[in-house]
Structure formats: structure tokens, C-alpha cells
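Have a look at the structure below before the remarks.
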Amino acid sequence: MDEPTFVQTSSMNLNGIAEIALKRGLGLQRSGGTSGEVQTWFRLAACAAPDDARVTPFAIAGGPKDQLAACRRILCTDPAAPAVLERAGSILSQAGAHDGGDRYFRRALLIEPAAAVQAAFAVANRLLRQGEAAAAYPFAWLAAQRAPGTLGVTVLFATIASASGRHGTAAAAFGEAARLDPSNLAATVSAAAAARRAGRTGATARFARRALLLTASHAEAMALLVGASGDAGPGPDATAWSSRLVAAAPAAAASWVSRAEARLRASDRGAAFRDAMRGLLLEPSTQYAARFLVQAGLPLARFGTVQRVARHALLSHRRDPELSYHLAQAEKAVGDLGLGWDIEAGRDSWPRFHRVAGLPPRLPDVARPDAALTDDGLLVASEQGLGDELLFLSCLPDLLAECRSPIVEADARLHPLLQRSFPGLRLIERQARRQGDRVLFDYTEVVRALAPKAYVFSGDLAARYRRDRDRPAPRGGYLTPDPLKRAEWTRRLDRVRDGARLTVGISWSSIHRTRTRALYNSSLEAMLALFEVPGTKFVCLQYTDCREELAAFRQAYGIDIWRPAELDQREDLDGTAALMSALDLVISTDTSACMLAAAVGAPTIRLGSSIYRILDDRDMFFANLRPMIGRQEATNLPLAIQRAAAMLRETVAGPG
């Protein structure tokens, strides 16, 4: 430590003893007194005013041992001197005795939490290095509050906020650090990264552009800008920026991964697959390259590659749900069907699965054919959506052959169909309730009232009863429509068919508009080849409000698709099922309407592959469902429509 400089003690307003001692020490220092004599007076001054930060630097001098000894002598006089405690903690920490330093810092904070900035900073920094970001956050916040505008404190606070998951706070703090030091590239890039994690697209792009002004080819900054452009919506910006990134840093795996993400968002799966593969070749352990490759590869029917990449990536990222999900689908398509179901057994822990609470124990080994089922008191808990319920409950006849009285959770709209199809079946409504921005399935009241002994998810039934790829599909129509409603729809269809040979139900789009769904959703214009087949009368099976779309299509092409205006096809599933069963044929993309048509036994053409791509020209779940895309073919909706049109033309021209 530097020698203390000469000061005018009269201007320091010290107490009497401290002022006299400090004057004597300074006088001896000027007149050439020995170091020991000078320090004696300085120590006396410090003991007289132990919490005065102006005095302690004179007393705490020399090497680390002398400084620490001085601190301890002062603390003997006043154990509650925050400035001295902070100084002692700093000395020990600099000497590598972090535990001892931490004890002094914490004592200083207990005594004077609002003033001990150095102590708060040091404790926060220590906890961060130990990986305890959540515990470090209050100390970092205190330091930032007491020393605003200090670059080091601000950066530490931002780092700890980010590490503890407070990404919005981290983005603001890193942004403040970048303002304090505009040339600080690390702070600017960190601000962009934190803003991205906080979902602040505009701030991400702003900080990333600022970083690129500092270093034009900074790979991480450009990747963040690509991501922000993609967050704003699929379009040319994300692809353009990602291509610039590849040009600027072609040897960096992150460049190719960023472009793979941008192209995946734009539904260019072939290009996304190639870019993700390039990223993996450059850096085989890149988690997101593997994710984007399997996401792009599955609809491209690149199952072997998906299997190899997912298996290898899961060695390093064992709990990655996206890799597990896509590996399961690839196994179902071309590998071990049972293994595919087994991988999905832990799907309730994946983010895409709804949260559950209050369930009884899960039935173990349900997928094993020789495992005994609970004969009474088994709860069959619902899967994600209506389409999933219709699919998996096709296994109900198999279950009821083994289990006399299960409790089945299902969407209330399906209850009339299920009660008619399985008299005496114990049904409960879906136990879903809103909890913040998510849905929670809470079974507490069900367990209290009905006392189930164990539960399975409805998808577990498929894992038990649909493991054999060579097993014939059960006959279509496990659900029985209302015979009176069906007869009424038959009469009405006879009146509206206008001499057509076939009445054909048509569904072209799901209510969900995600980028994944974009592969399977169609438009009326894209399906013109179907509507131009003579001898057909098309009936709208869309459960969305499509009146304006139908009117525009009729005006543009002169094709009238009949829509039964009084039928609410979203809520009245019993009436919709009766209508479907009265039709000669249903043609649908991958929607819940397709599942309902197959479930009530209507001859159904699926504008896609078989369910889970398990089979080629038939389906594993419904014998009455005919896929238009083989399991080894890439998803291709235009091709599926052309094949369906050819099949429809043959059916119209056929006998009878």
C-alpha cells in the first residue's frame, strides 16, 4: 500500500483524541521519525475513530500481514467498524484466503448493509464463482444500488442477473454497462444475448447491430441479429443476415447453425438440413445444430440420419426433449416401433407436454404386454389435444378387454360419443385449469372423489397395444355416431348433392398456425385438383370460421363448397361425427377433423403419411384411413393432393 499523504487534520473534523494522534503521527513522519513510532500514533488515531474511512488508511499500512494485524487491533477496540471489516476481507481475499475474507465481508454487511459496497461486491463475486448465482443476486443488487454508474459493479450485477435467470434485468444492466463504456464489445454482445433470452426482439437487434459496428464480423453478435430477425417473423431479413454471417465466418459452426435456424423458420427444410449438417461437421458437439437437423430431417424422411445424429447428441445432452422426441418419431417410422414408444414414455417431463398435479402413482411397465393392469381403479389421463385423444382412445377396446372399469379423462365434447360407444364407461372431463400463462391438469379432486389406484396416459395405451408393426389395424369406427342424426344428415346430403355421385367432406387447415403446422396446412386454391373432379359435391368440415374464405373461393373459381351453417363443428362434435359418417368420403390434412372422421368409420383420405409414418399404404390405427404419402417419402402436400385427386377420380368412375 502507498504511504499515506500529508493532510490538514484541522479540516477533517475528527474527535479530539483521533485528531491529536493523527497530528503527532504526521509530524513524526515529516520530521523523519521511525516507522514504528509513526504507526503507533496512526493506530491510536484509528482506534479512536475506527469507522472513519479517512483515518484507517494511515493505520493500515505496510505488507498484507501488517495490514491485517492493524485491522485486527482496530477491531479489538471496535468490532463493528464496517470500513475496517471490508479492508480485512479484501486483504484476506487478495491473499487467497477466500473463506476468511468472506466472513469479514458478511460481518460488514450485517452491520452496515447500505454502505458496505465493497463487501457486497466481493460476496456476490465469490458466490458467482461457486456457481450460486441465485444466492449472489441480492448482494450484487445491493452493490449496484449503492454504486450506480460503476462499470465493474454494473457488469457483475448483469452477469449474476443473467446466471440466475433474470434476463430482462440482465439486458438492462448490460445495456447500462455498454452506455458507460461504448467501446465495450463484451458488454454490448451480452446485452443482446440477455435481451434475446428475455424475448425482447427490438433490444436484441439494437445491441447486436451496435456490436457489429464495433467489430463487423463478430460471429455471436451476427447470430443474435439473425435470431432477432427470425423472432420478428419468418422473412428475408433473418435469411439475409444469416447468409452474411456464413460469408463472414464460414469456419464457425455457429454461422451455419444460425442460418439453419433462419431457414427452418422460413420452412426451407432442405437448406436447413444441409446447413445444420455443415455445423455438425465443424463442431460435432453443437446441440442446436443437432436439434435443427432432426427437426428438418424428419419431414424430409431422412430417418437414418435423424437416428444417428439424435443418438450421438443425446450422449452429451441426455435430457434434450427435442432430440428425444424426434428420435422417437424416427424409430416409429423405420426402426424399432416399441423403442419409439419407450423413448416417449418420459414425455410428461418434456416442455411440450402439459403440467400435471395430484395424480396417483403411474402404473409401471404398462408397455410390457405381460405386465398386469389394475383391474379396477385405473385412471386414463388425457394427452395434449383433441386429435391426440381421438387417436389414442382408439385403443379403448383393447384396454376394456383387460380392465373392467377404467376412469377415462376426455374432452367433454367427446362424452356423448364415448358414452354411446362404450355404455357404462366411467368418464371425467379434462381436469385443465389456467395457471398464469400455462395450463395445469390438476387431479386432486378426482383422486379424492374416485380414489384411482394408479394412472396411465392415454398415449401409454398405444405403447402397449400398437407395438407390432405387422399387426392389422383395427377396423375403423370405434366411435358410434347418433343414428337419428346420421339419418337426418343423409337426407340433407341427398338434397344438396345436386346429382353428384359422391358427397366428400373436406378439411384443409388446423386452427394452429405454427411453422411446423405450415407443412400440413393447405389452402383451398392449392386443392383445386380435388374440386375439379366431376361427379363430386364437397362439404366443408372446417371447424374454424371460414365463411369469408369460402365466399372468396366461390367468387374466384365458381366452386361452391356446402357448409352446414347451423352446425358448430368446433363444439358439437356429436353432430359433426354424425355428418361425417353420412358422407361417402372424407379428405383431410393432418387435423383433428381427420382423426374424428377415421374414428367414426368414415372412409378417410389423409393428405399426408400414415400416423407416425409407421406404415406405407395403410394406417396402424385406423383400417379406414388411407395415407397419400409413403413413410419413406418427404412430406409433400401438393403431391398428396394430386394423388388424392387421382384416387377420387377413380372412385367416382368406379362401379355402382
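Residues are named by chain letter and number: chains run A, B, ... in the order of the C-alpha cells, numbers start at 1 in each chain, and ligands are numbered from 1 in the order shown.
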
Given only C-alpha atoms, how would the per-residue table for region 183-296 of chain A near region 139-161 of chain A read, listing every residue at most 9 Å away with its closest atom pair and distance in Å to one decimal, sorted by chain and number, as CSV?
```
residue,atom,partner,partner_atom,distance
A:Ala187,CA,A:Val155,CA,7.4
A:Ser190,CA,A:Thr159,CA,8.6
A:Ala191,CA,A:Ala158,CA,8.7
```

Put those residues in a file: C-alpha atoms, as a compact mmCIF listing (two decimals), in the first residue's frame.
```
# COMPACT_ATOMS: atom_id res chain seq x y z
CA ALA A 187 -20.97 -5.86 -22.59
CA SER A 190 -24.00 -9.73 -23.54
CA ALA A 191 -26.80 -7.14 -23.60
```

Worksheet entry | Shell of 9 Å around Ser510 (chain A), only C-alpha atoms, local chain residues under 4 positions omitted, as a ChimeraX atom specification | /A:517,520-521,542-544,589-593

Worksheet item: Could you pull out all residues of region 286-482 of chain A with a DSSP call of strand (DSSP E) and give them as a ChimeraX atom specification?
Response: /A:355-357,376-381,405-410,426-429,432-435,438-442,454-457

What would the file look like if the residues just selected were written as a PDB file, in the first residue's frame with C-alpha atoms?
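Produced file result13.pdb, reproduced below:
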```
ATOM      1  CA  ARG A 355     -48.111 -29.836 -16.486  1.00  0.00           C
ATOM      2  CA  VAL A 356     -49.876 -32.241 -14.140  1.00  0.00           C
ATOM      3  CA  ALA A 357     -50.513 -32.354 -10.391  1.00  0.00           C
ATOM      4  CA  ASP A 376     -60.302 -51.592 -11.133  1.00  0.00           C
ATOM      5  CA  GLY A 377     -59.416 -48.006 -10.313  1.00  0.00           C
ATOM      6  CA  LEU A 378     -57.128 -47.262 -13.283  1.00  0.00           C
ATOM      7  CA  LEU A 379     -57.190 -43.634 -14.406  1.00  0.00           C
ATOM      8  CA  VAL A 380     -56.509 -42.974 -18.101  1.00  0.00           C
ATOM      9  CA  ALA A 381     -55.239 -39.380 -18.147  1.00  0.00           C
ATOM     10  CA  SER A 405     -63.814 -50.291 -15.180  1.00  0.00           C
ATOM     11  CA  PRO A 406     -61.189 -47.669 -16.009  1.00  0.00           C
ATOM     12  CA  ILE A 407     -61.750 -43.990 -15.352  1.00  0.00           C
ATOM     13  CA  VAL A 408     -61.221 -42.180 -18.654  1.00  0.00           C
ATOM     14  CA  GLU A 409     -60.464 -38.486 -18.912  1.00  0.00           C
ATOM     15  CA  ALA A 410     -61.625 -36.924 -22.186  1.00  0.00           C
ATOM     16  CA  ARG A 426     -66.683 -44.005 -16.357  1.00  0.00           C
ATOM     17  CA  LEU A 427     -65.827 -40.628 -17.864  1.00  0.00           C
ATOM     18  CA  ILE A 428     -64.450 -37.434 -16.374  1.00  0.00           C
ATOM     19  CA  GLU A 429     -63.914 -34.106 -18.094  1.00  0.00           C
ATOM     20  CA  ALA A 432     -57.386 -28.453 -17.041  1.00  0.00           C
ATOM     21  CA  ARG A 433     -57.228 -25.032 -15.467  1.00  0.00           C
ATOM     22  CA  ARG A 434     -55.289 -21.925 -16.308  1.00  0.00           C
ATOM     23  CA  GLN A 435     -52.279 -21.155 -14.108  1.00  0.00           C
ATOM     24  CA  ARG A 438     -49.794 -22.117 -18.854  1.00  0.00           C
ATOM     25  CA  VAL A 439     -52.336 -24.882 -18.362  1.00  0.00           C
ATOM     26  CA  LEU A 440     -52.222 -27.226 -15.381  1.00  0.00           C
ATOM     27  CA  PHE A 441     -54.050 -30.552 -15.260  1.00  0.00           C
ATOM     28  CA  ASP A 442     -54.890 -30.921 -11.561  1.00  0.00           C
ATOM     29  CA  ALA A 454     -52.820 -45.821 -10.497  1.00  0.00           C
ATOM     30  CA  TYR A 455     -52.811 -43.930 -13.757  1.00  0.00           C
ATOM     31  CA  VAL A 456     -51.570 -44.169 -17.312  1.00  0.00           C
ATOM     32  CA  PHE A 457     -51.595 -41.521 -20.018  1.00  0.00           C
TER      33      PHE A 457
END
```

Fill in: Nearby residues (only C-alpha atoms) at most 7 Å from Asp275 (chain A), same-chain spacing under 4 positions excluded, as a list in words
Trp256, Val257, Arg259, Ala260, Ala271 and Gly279 of chain A

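Every protein or nucleic acid residue with an atom no more than 8 Å from Ser255 (chain A), counting only C-alpha atoms and leaving out same-chain residues fewer than 4 positions away, appears here: Ala219, Ala223, Ser242, Leu245, Val246, Ala249, Pro250, Ala251, Arg259 and Gly279 of chain A.
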
Item to complete: List the neighbours of Leu639 (chain A) out to 9 Å using only C-alpha atoms; skip same-chain residues closer than 4 positions along the sequence, and give me the result as a list in words.
Response: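 Contacts, with the query itself left out: Leu607, Met628, Ile629, Thr635, Arg643 and Ala644 of chain A.
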
Save the residues we just selected, N, CA and C atoms, as a compact mmCIF listing (two decimals), in the first residue's frame?
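So result_18.txt came out as:
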```txt
# COMPACT_ATOMS: atom_id res chain seq x y z
N LEU A 607 -54.18 -36.47 -46.32
CA LEU A 607 -53.25 -35.78 -47.21
C LEU A 607 -51.88 -35.68 -46.54
N MET A 628 -51.66 -40.73 -48.25
CA MET A 628 -51.26 -40.40 -49.62
C MET A 628 -49.75 -40.25 -49.78
N ILE A 629 -49.01 -40.29 -48.68
CA ILE A 629 -47.55 -40.19 -48.73
C ILE A 629 -46.95 -41.41 -48.03
N THR A 635 -42.43 -35.18 -46.72
CA THR A 635 -43.74 -34.53 -46.65
C THR A 635 -43.91 -33.62 -47.86
N ARG A 643 -52.35 -37.06 -55.75
CA ARG A 643 -52.68 -38.48 -55.61
C ARG A 643 -54.12 -38.66 -55.14
N ALA A 644 -54.55 -37.81 -54.21
CA ALA A 644 -55.93 -37.91 -53.72
C ALA A 644 -56.91 -37.60 -54.84
```

Fill in: region 196-324 of chain A: residues DSSP assigns to helix (DSSP H, G or I), reported as a PyMOL selection string
chain A and resi 196-197+201-214+219-231+236-248+253-265+269-282+287-297+303-316+321-324

Worksheet item: Which of these, A:Pro360, A:Arg210, A:Asp348, A:Ala653, has the shortest distance to Asn184 (chain A) once you count only C-alpha atoms?
Response: A:Arg210

Fill in: Selection near region 398-402 of chain A, 9 Å with only C-alpha atoms, sequence-local residues under 4 positions removed, as an NGL selection string
:A and (372-375 or 394 or 406 or 461 or 465)

May I have the selected residues written with C-alpha atoms, as a short mmCIF file (atom, residue, chain, number, x, y, z; two decimals), in the first residue's frame?
```
data_model
loop_
_atom_site.label_atom_id
_atom_site.label_comp_id
_atom_site.auth_asym_id
_atom_site.auth_seq_id
_atom_site.Cartn_x
_atom_site.Cartn_y
_atom_site.Cartn_z
CA ALA A 372 -50.69 -56.84 -15.21
CA LEU A 373 -53.11 -53.90 -15.35
CA THR A 374 -55.03 -52.65 -12.36
CA ASP A 375 -58.40 -54.29 -12.95
CA SER A 394 -58.82 -45.99 -30.40
CA PRO A 406 -61.19 -47.67 -16.01
CA LEU A 461 -52.18 -47.42 -24.40
CA TYR A 465 -51.33 -52.27 -27.87
#
```

Item to complete: Using only C-alpha atoms, find the one residue out of A:Leu637, A:Leu484, A:Leu573, A:Ala345 that sits nearest to Ser523 (chain A).
Response: A:Leu637

Worksheet entry | Nearest-residue call for Ile611 (chain A), choices A:Ala449, A:Leu281, A:Ala333, A:Ala529, using only C-alpha atoms |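 The shortest atom-to-atom distance to Ile611 (chain A) comes from A:Ala333.
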